[in-house]
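What follows is the content of structure-v9.cif (mmCIF, C-alpha atoms).
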```cif
data_start
loop_
_atom_site.label_atom_id
_atom_site.label_comp_id
_atom_site.auth_asym_id
_atom_site.auth_seq_id
_atom_site.Cartn_x
_atom_site.Cartn_y
_atom_site.Cartn_z
CA MET A 1099 171.60 83.36 190.78
CA GLU A 1100 172.74 83.05 194.41
CA ASN A 1101 170.54 81.99 197.35
CA CYS A 1102 167.56 81.28 195.12
CA PHE A 1103 164.48 79.20 195.94
CA GLY A 1104 162.10 77.60 193.46
CA ILE A 1105 158.32 77.89 193.17
CA ILE A 1106 156.33 75.22 191.33
CA GLY A 1107 153.17 77.02 190.31
CA GLY A 1108 150.44 76.95 187.71
CA MET A 1109 148.05 75.00 189.95
CA GLY A 1110 146.39 77.47 189.36
CA THR A 1111 148.19 80.44 187.96
CA MET A 1112 146.21 83.11 189.83
CA ALA A 1113 146.96 81.35 193.12
CA THR A 1114 150.65 81.32 192.17
CA GLU A 1115 150.52 85.03 191.46
CA ASP A 1116 148.87 85.56 194.84
CA PHE A 1117 151.63 83.56 196.56
CA VAL A 1118 154.41 85.57 194.91
CA HIS A 1119 152.64 88.80 195.85
CA THR A 1120 152.37 87.62 199.46
CA VAL A 1121 156.06 86.68 199.62
CA ASN A 1122 157.01 90.10 198.29
CA ARG A 1123 154.64 91.84 200.69
CA LEU A 1124 156.08 89.98 203.69
CA THR A 1125 159.62 91.00 202.78
CA VAL A 1126 160.82 94.35 204.09
CA THR A 1127 162.48 96.21 201.22
CA HIS A 1128 163.97 99.63 200.57
CA ARG A 1129 165.52 98.95 197.14
CA ASP A 1130 165.36 96.41 194.31
CA GLN A 1131 168.20 94.37 195.79
CA ASP A 1132 166.34 93.73 199.05
CA TYR A 1133 163.81 91.39 197.45
CA LEU A 1134 164.30 87.63 197.54
CA ASN A 1135 165.78 85.64 194.67
CA TYR A 1136 163.39 83.04 193.30
CA VAL A 1137 162.46 81.14 190.16
CA VAL A 1138 158.74 80.82 189.38
CA LEU A 1139 158.07 77.71 187.30
CA ASN A 1140 154.46 78.33 186.34
CA ASP A 1141 153.69 74.92 184.87
CA ALA A 1142 150.06 75.43 183.88
CA GLN A 1143 150.01 72.09 182.03
CA ILE A 1144 150.27 69.93 185.18
CA PRO A 1145 147.21 67.61 185.07
CA ASP A 1146 144.46 68.14 187.62
CA ARG A 1147 145.51 66.70 190.97
CA THR A 1148 142.02 66.12 192.36
CA ALA A 1149 140.88 64.33 189.22
CA TYR A 1150 143.75 61.85 189.52
CA ILE A 1151 143.32 61.27 193.27
CA LEU A 1152 139.62 60.54 192.77
CA ASP A 1153 140.20 58.38 189.66
CA HIS A 1154 143.62 56.90 188.88
CA ASN A 1155 142.48 56.39 185.28
CA CYS A 1156 142.90 60.15 184.83
CA THR A 1157 146.27 61.59 183.82
CA ASN A 1158 148.84 61.32 186.60
CA PRO A 1159 150.36 64.71 187.58
CA LEU A 1160 153.41 63.06 189.15
CA PRO A 1161 155.62 62.90 186.01
CA SER A 1162 155.13 66.65 185.44
CA LEU A 1163 155.82 67.44 189.09
CA LYS A 1164 158.95 65.27 189.06
CA ALA A 1165 160.22 67.02 185.92
CA ASP A 1166 159.66 70.41 187.56
CA VAL A 1167 161.50 69.38 190.73
CA GLN A 1168 164.41 68.06 188.68
CA LEU A 1169 164.56 71.25 186.61
CA LEU A 1170 164.68 73.43 189.73
CA ASP A 1171 167.25 71.07 191.21
CA ARG A 1172 169.49 71.59 188.17
CA LEU A 1173 169.10 75.35 188.53
CA GLY A 1174 170.62 75.07 191.99
CA VAL A 1175 167.73 76.31 194.13
CA LYS A 1176 168.15 76.07 197.89
CA PHE A 1177 164.59 74.85 198.55
CA ILE A 1178 161.28 74.35 196.74
CA VAL A 1179 157.69 75.31 197.44
CA MET A 1180 154.52 74.18 195.64
CA THR A 1181 151.55 76.53 195.45
CA CYS A 1182 148.95 73.77 195.53
CA ASN A 1183 147.75 71.92 198.61
CA THR A 1184 146.48 68.91 196.67
CA ALA A 1185 149.88 68.46 195.00
CA HIS A 1186 151.32 67.65 198.43
CA TYR A 1187 149.75 64.22 198.01
CA PHE A 1188 152.85 63.54 195.89
CA ILE A 1189 155.39 64.88 198.43
CA PRO A 1190 156.85 61.43 199.34
CA ALA A 1191 157.59 60.64 195.68
CA LEU A 1192 159.04 64.11 195.06
CA THR A 1193 161.30 64.22 198.10
CA ALA A 1194 162.66 60.82 197.07
CA ILE A 1195 164.19 62.26 193.86
CA THR A 1196 165.92 65.34 195.29
CA ASN A 1197 168.10 66.45 198.18
CA VAL A 1198 166.57 69.93 197.98
CA PRO A 1199 164.06 70.52 200.81
CA ILE A 1200 160.41 70.86 199.77
CA LEU A 1201 158.39 72.89 202.27
CA ASN A 1202 155.17 71.19 203.37
CA MET A 1203 152.26 73.63 203.20
CA PRO A 1204 149.63 71.45 204.95
CA ALA A 1205 152.04 70.72 207.82
CA LEU A 1206 152.75 74.44 208.24
CA ALA A 1207 149.04 75.27 208.29
CA VAL A 1208 148.21 72.60 210.87
CA GLU A 1209 151.10 73.78 213.05
CA ALA A 1210 149.73 77.33 212.91
CA ALA A 1211 146.23 76.14 213.87
CA CYS A 1212 147.64 74.27 216.86
CA GLN A 1213 149.11 77.53 218.21
CA LEU A 1214 145.66 78.98 218.91
CA GLN A 1215 144.94 79.50 222.58
CA GLN A 1216 141.79 77.39 222.78
CA PRO A 1217 140.66 74.42 224.91
CA ARG A 1218 142.27 71.14 223.93
CA PRO A 1219 141.73 69.09 221.85
CA LEU A 1220 140.92 71.55 219.10
CA ARG A 1221 138.25 71.00 216.50
CA ILE A 1222 139.99 72.06 213.29
CA GLY A 1223 137.89 72.48 210.17
CA VAL A 1224 139.37 72.06 206.70
CA LEU A 1225 138.14 73.69 203.50
CA ALA A 1226 139.93 72.10 200.55
CA THR A 1227 139.41 70.27 197.29
CA THR A 1228 137.75 66.88 197.38
CA GLY A 1229 141.09 65.40 196.30
CA THR A 1230 142.89 66.91 199.28
CA LEU A 1231 140.20 65.66 201.65
CA LYS A 1232 140.17 62.17 200.14
CA SER A 1233 143.96 61.97 200.44
CA GLN A 1234 143.59 62.61 204.19
CA LEU A 1235 146.54 65.02 204.05
CA TYR A 1236 145.10 67.40 206.60
CA GLN A 1237 143.14 64.89 208.65
CA GLN A 1238 146.23 62.78 209.36
CA LEU A 1239 148.32 65.79 210.34
CA ILE A 1240 145.59 67.09 212.67
CA LEU A 1241 145.08 63.69 214.30
CA ALA A 1242 148.84 63.31 214.78
CA LYS A 1243 148.79 66.54 216.81
CA GLY A 1244 146.04 65.15 219.05
CA HIS A 1245 143.26 67.30 217.62
CA ILE A 1246 139.99 66.61 215.80
CA PRO A 1247 139.64 67.19 212.03
CA VAL A 1248 136.28 68.43 210.80
CA VAL A 1249 135.38 68.40 207.10
CA PRO A 1250 132.33 69.80 205.28
CA THR A 1251 129.22 67.74 204.66
CA GLU A 1252 128.74 66.34 201.16
CA GLN A 1253 126.44 69.23 200.25
CA GLN A 1254 128.85 71.80 201.67
CA GLN A 1255 131.77 70.17 199.83
CA ALA A 1256 129.91 70.56 196.55
CA GLN A 1257 129.75 74.31 197.31
CA VAL A 1258 133.47 74.37 198.11
CA MET A 1259 134.30 72.75 194.78
CA ALA A 1260 132.00 75.15 192.91
CA LEU A 1261 133.71 78.10 194.61
CA ILE A 1262 137.18 76.78 193.73
CA TYR A 1263 136.63 75.48 190.21
CA GLU A 1264 133.71 77.42 188.77
CA ASP A 1265 134.01 80.79 190.47
CA ILE A 1266 137.75 81.27 190.98
CA LYS A 1267 139.54 78.99 188.50
CA GLN A 1268 137.11 79.47 185.60
CA HIS A 1269 135.88 83.02 186.11
CA ASP A 1270 138.42 84.67 188.46
CA TYR A 1271 135.51 85.64 190.69
CA VAL A 1272 135.15 85.39 194.47
CA ASN A 1273 131.60 85.00 195.75
CA ARG A 1274 131.97 86.63 199.16
CA VAL A 1275 128.63 85.35 200.47
CA LYS A 1276 129.42 81.76 199.48
CA PHE A 1277 132.99 81.92 200.81
CA HIS A 1278 132.05 83.42 204.17
CA GLY A 1279 129.03 81.16 204.44
CA LEU A 1280 131.19 78.03 204.16
CA ILE A 1281 133.50 79.31 206.90
CA ASP A 1282 130.51 80.21 209.09
CA GLN A 1283 129.14 76.69 208.75
CA LEU A 1284 132.36 75.20 210.13
CA LEU A 1285 132.99 77.80 212.83
CA ASN A 1286 129.41 77.96 214.06
CA ALA A 1287 127.31 74.99 212.98
CA ALA A 1288 130.20 72.51 213.33
CA ASN A 1289 131.64 74.31 216.38
CA CYS A 1290 135.20 74.44 215.04
CA ASP A 1291 137.92 76.27 216.96
CA ALA A 1292 139.78 77.04 213.73
CA VAL A 1293 139.30 76.67 209.99
CA ILE A 1294 142.18 75.98 207.62
CA LEU A 1295 141.89 77.33 204.09
CA GLY A 1296 143.55 74.29 202.52
CA CYS A 1297 143.36 75.30 198.87
CA THR A 1298 145.33 78.08 197.24
CA GLU A 1299 142.22 79.32 195.42
CA LEU A 1300 140.70 79.85 198.86
CA SER A 1301 143.79 81.89 199.70
CA VAL A 1302 142.90 84.06 196.71
CA ALA A 1303 139.39 84.35 198.13
CA GLN A 1304 140.76 85.35 201.54
CA ASP A 1305 142.86 88.10 199.98
CA THR A 1306 139.95 89.34 197.87
CA ALA A 1307 137.18 89.05 200.49
CA PRO A 1308 138.91 88.58 203.87
CA TYR A 1309 137.14 86.74 206.65
CA GLY A 1310 138.45 88.72 209.61
CA SER A 1311 139.18 86.23 212.35
CA GLU A 1312 142.36 84.92 213.96
CA ARG A 1313 140.73 81.49 213.79
CA ILE A 1314 141.15 81.41 209.99
CA ILE A 1315 144.41 79.77 208.96
CA ASP A 1316 145.39 80.55 205.38
CA ALA A 1317 147.66 77.68 204.34
CA GLN A 1318 149.28 79.57 201.47
CA HIS A 1319 149.96 82.55 203.73
CA GLU A 1320 151.66 80.23 206.22
CA LEU A 1321 153.78 78.84 203.37
CA ALA A 1322 154.73 82.37 202.32
CA ARG A 1323 155.76 83.23 205.87
CA ALA A 1324 157.89 80.09 206.13
CA THR A 1325 159.39 80.80 202.71
CA VAL A 1326 160.52 84.28 203.70
CA GLN A 1327 161.85 83.04 207.03
CA ARG A 1328 163.86 80.27 205.36
CA ALA A 1329 165.20 82.67 202.75
CA GLN A 1330 166.32 84.95 205.59
CA ALA A 1331 168.76 82.26 206.65
CA VAL A 1332 170.83 83.08 203.58
CA LYS A 1333 170.08 86.82 203.63
CA PRO A 1334 170.41 87.59 207.36
CA THR A 1335 169.92 91.34 206.99
CA MET A 1336 166.30 90.86 205.93
CA ILE A 1337 163.32 90.86 208.29
CA LEU A 1338 159.76 89.67 207.94
CA ARG A 1339 157.13 92.32 207.38
CA GLN A 1340 153.96 92.07 209.46
CA PRO A 1341 150.84 91.05 207.50
CA HIS A 1342 148.58 93.83 206.28
CA SER A 1343 145.48 94.54 208.32
CA THR A 1344 143.03 92.62 206.08
CA ASN A 1345 144.83 89.31 206.61
CA SER A 1346 144.66 88.13 210.18
CA ARG A 1347 147.57 85.71 209.91
#
```

Could you spell out this file's structure in structure tokens?
Amino acid sequence: MENCFGIIGGMGTMATEDFVHTVNRLTVTHRDQDYLNYVVLNDAQIPDRTAYILDHNCTNPLPSLKADVQLLDRLGVKFIVMTCNTAHYFIPALTAITNVPILNMPALAVEAACQLQQPRPLRIGVLATTGTLKSQLYQQLILAKGHIPVVPTEQQQAQVMALIYEDIKQHDYVNRVKFHGLIDQLLNAANCDAVILGCTELSVAQDTAPYGSERIIDAQHELARATVQRAQAVKPTMILRQPHSTNSR
């Protein structure tokens, strides 16, 4: 398959499905042949990333991720994306085993947040798994841009994890009140200029129960935009479709 990119998914599967849907929605098409060429490797058996980051005695996801990168490499993909923010903890080890570019979702989301026309430095809130927050993925990127990272309190983080793992992963259910309430706490109580949805399950929540504000940065949506734009480099006749009205970015 020519001009194909690879998607490492399954972390979780519904978030992967949401990403593929977003990529397709952002691509202007008039016939079957206008869609992008991609391989979805939905590896649902990859061990939990947060569990390993919090306790290295848990099963390490890295061998599975490496195997997936190597498989996509052998298939000849032009670049790779991973539909899991927490998995980007392993980006240095994965980029070391391939010459195929791996797009960095947290970096894309932080870059998008920094484009907001607000007083500087920005206070940028991050809603993500405890593993992502402990890894400092987002905090380091935000600090490197000269802005201020803001994370939930311990009690709020427990609600974030319940929303991600219990509501969405286990029951495929988005609690709109809980989801919007967590965003409100960062935007209002913590006085954030922007809030990054730094977990792909939260991207599912944003699609299901959109929080309508340009100050919400959906990391997976930013990855989808970058994916389509990069794929355009090899299919120059294609253009990027504007997001639908319920997604502000």

Run the PyMOL selection byres ((chain A and resi 1261-1271) around 9) on the file and write out the hits as a ChimeraX atom specification.
/A:1110-1112,1226-1227,1256-1260,1272-1273,1276-1277,1297-1300,1302-1303

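Taking only C-alpha atoms, the non-local environment of Ile1105 in chain A within 10 Å (same-chain residues fewer than 6 positions away omitted) comprises A:Thr1114, A:Phe1117, A:Val1118, A:Tyr1136, A:Val1137, A:Val1138, A:Leu1139, A:Asn1140, A:Asp1141, A:Asp1166, A:Val1167, A:Leu1170, A:Val1175, A:Phe1177, A:Ile1178, A:Val1179, A:Met1180, A:Thr1181, A:Ile1200.
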
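Going from CA of Gly1104 in chain A over to CA of Leu1169 in chain A, you cover 9.7 Å.
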
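Rounded to one decimal, CA of Lys1232 in chain A and CA of Ala1211 in chain A lie 20.5 Å from each other.
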
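Across the chains present, the PyMOL selection byres ((chain A and resi 1244) around 12) applied to this file returns Val1208, Glu1209, Cys1212, Arg1218, Pro1219, Leu1220, Arg1221, Ile1222, Gln1237, Gln1238, Leu1239, Ile1240, Leu1241, Ala1242, Lys1243, His1245, Ile1246 and Pro1247 of chain A.
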
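Straight-line separation from CA of Gln1318 in chain A to CA of Ala1185 in chain A: 12.9 Å.
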
Given the file shown, enumerate the residues that the PyMOL selection byres ((chain A and resi 1203) around 9) captures and present them as a PyMOL selection string.
chain A and resi 1179-1183+1186+1201-1202+1204-1208+1296+1317-1318+1320-1321

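Distances to Leu1214 in chain A were evaluated for A:Glu1252, A:Asp1171, A:Asp1153, A:Glu1312 using only C-alpha atoms, and the minimum falls at A:Glu1312.
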
Got a sec: who's within 12 Å of Ala1165 in chain A, counting all atoms listed in the file, leaving out chain neighbours fewer than 6 positions off, as a ChimeraX atom specification?
/A:1106,1139,1141,1144,1159,1171-1172,1191-1192,1195-1196

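Proximity ranking of A:Gly1310, A:Gly1107, A:Gln1255, A:Val1126 relative to Gln1283 in chain A places A:Gln1255 first, based on all atoms listed in the file.
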
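Using all atoms listed in the file, the nearest neighbour of Ala1142 in chain A within the list A:Pro1308, A:Pro1161, A:Gly1108, A:Gly1229 is A:Gly1108.
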
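Shortest separation to Ala1324 in chain A among A:Ala1210, A:His1128, A:Tyr1236, A:Thr1193 occurs at residue A:Ala1210, atoms counted being all atoms listed in the file.
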
Put the listed atoms of range 1255-1274 of chain A in a box along x, y and z with 3 Å added on every side and give me the centre and edge lengths in Å to one decimal, as AutoDock Vina command-line options.
```
--center_x 134.6 --center_y 78.4 --center_z 192.7 --size_x 15.8 --size_y 22.5 --size_z 20.2
```

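Each of A:Asn1101, A:Gln1216, A:Ser1301, A:Asn1158 was compared to Lys1176 in chain A using only C-alpha atoms, and A:Asn1101 turns out to be the nearest.
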
Long-range neighbours of Pro1250 in chain A as a list of chain:residue names, 9 Å cut-off, all atoms listed in the file, 3 positions minimum in chain:
A:Gly1223, A:Val1224, A:Leu1225, A:Gln1253, A:Gln1254, A:Gln1255, A:Val1258, A:Leu1280, A:Gln1283, A:Leu1284, A:Ala1288

Give me the residues within 7 Å of Tyr1133 in chain A as a ChimeraX atom specification, counting only C-alpha atoms and dropping any in the same chain fewer than 5 places off.
/A:1122,1125,1127
